[in-house]
Amino acid sequence: VKEYLQFQDATSPSQLPISKVDALVKNMCLAWSANYIDNPNEAESSYQQQVVDLVANGDDELTAINQWMQQVQAVKTGTV
């Protein structure tokens, strides 16, 4: 996060435009998912479908991210 902020010439996320905050959140989520999904393209596709698309349709972002994380973990542990 610190590197991302430095690259954006910011000291805190509140100084970023919303599109950059969204990119930061996405990057953090995809970095987290690397422990569960081997293929980065699969992780990004999954995030796009289960978070970005839902939020674009009016769903709550935190709820969508939480559900996506639970689904990613469930797939890894074989509980789906």
# chains A, B, ... in the order shown; residues from 1 in each chain; ligands from 1
$ select_by_dssp --residues "chain A" --states "alpha helix (DSSP H)" --output "PyMOL selection string"
chain A and resi 2-7+18-33+40-47+53-56+61-77
$ residues_around --residues "A:Gln71" --least-positions-apart "4" --cutoff "12 Å" --atoms "only C-alpha atoms" --output "compact mmCIF listing (two decimals) with C-alpha atoms, in the first residue's frame"
# COMPACT_ATOMS: atom_id res chain seq x y z
CA SER A 33 -6.10 -14.41 -3.47
CA TYR A 36 -5.74 -19.59 -2.90
CA ILE A 37 -5.78 -19.25 -6.69
CA ALA A 43 -8.31 -14.67 -9.85
CA SER A 46 -13.35 -14.20 -10.58
CA TYR A 47 -12.93 -10.80 -8.91
CA GLN A 50 -18.11 -11.52 -8.32
CA VAL A 51 -17.13 -8.06 -7.12
CA ALA A 64 -19.36 -8.36 -2.49
CA ILE A 65 -15.67 -8.57 -1.51
CA ASN A 66 -16.50 -10.59 1.60
CA GLN A 67 -18.61 -13.05 -0.40
CA VAL A 75 -12.89 -23.51 -3.50
CA LYS A 76 -9.37 -23.93 -2.08
CA THR A 77 -10.58 -26.07 0.81
CA GLY A 78 -13.00 -28.00 -1.37
CA THR A 79 -16.09 -27.02 0.59
CA VAL A 80 -18.05 -25.82 -2.46
$ residues_around --residues "A:Val52" --least-positions-apart "5" --cutoff "12 Å" --atoms "only C-alpha atoms" --output "NGL selection string"
:A and (22-23 or 25-26 or 29 or 44-47 or 57-65 or 68)
$ write_last_selection --atoms "C-alpha atoms" --output "PDB file, in the first residue's frame"
ATOM      1  CA  ASP A  22     -10.775   1.011  -6.543  1.00  0.00           C
ATOM      2  CA  ALA A  23      -7.531  -0.098  -8.215  1.00  0.00           C
ATOM      3  CA  VAL A  25      -8.582  -2.369  -3.332  1.00  0.00           C
ATOM      4  CA  LYS A  26      -8.544  -4.677  -6.350  1.00  0.00           C
ATOM      5  CA  CYS A  29      -7.700  -8.444  -3.034  1.00  0.00           C
ATOM      6  CA  GLU A  44      -8.854 -11.455 -11.796  1.00  0.00           C
ATOM      7  CA  SER A  45     -11.738 -12.931 -13.767  1.00  0.00           C
ATOM      8  CA  SER A  46     -13.348 -14.200 -10.578  1.00  0.00           C
ATOM      9  CA  TYR A  47     -12.926 -10.795  -8.907  1.00  0.00           C
ATOM     10  CA  ASN A  57     -25.219  -3.322 -10.457  1.00  0.00           C
ATOM     11  CA  GLY A  58     -25.679  -1.606  -7.094  1.00  0.00           C
ATOM     12  CA  ASP A  59     -24.494  -4.222  -4.594  1.00  0.00           C
ATOM     13  CA  ASP A  60     -22.496  -3.154  -1.542  1.00  0.00           C
ATOM     14  CA  GLU A  61     -18.761  -3.339  -2.241  1.00  0.00           C
ATOM     15  CA  LEU A  62     -17.694  -4.688   1.143  1.00  0.00           C
ATOM     16  CA  THR A  63     -20.378  -7.366   1.048  1.00  0.00           C
ATOM     17  CA  ALA A  64     -19.361  -8.363  -2.490  1.00  0.00           C
ATOM     18  CA  ILE A  65     -15.672  -8.566  -1.509  1.00  0.00           C
ATOM     19  CA  TRP A  68     -15.876 -13.339  -3.046  1.00  0.00           C
TER      20      TRP A  68
END
$ atom_distance --atom1 "atom CA of A:Asp38" --atom2 "atom CA of A:Gln8"
28.5 Å
$ residues_around --residues "A:Lys2" --least-positions-apart "2" --cutoff "10 Å" --atoms "only C-alpha atoms" --output "PyMOL selection string"
chain A and resi 4-8+10-13
$ closest_residue --among "A:Val21, A:Leu16, A:Val72, A:Val55" --to "A:Asn35" --atoms "only C-alpha atoms"
A:Val72
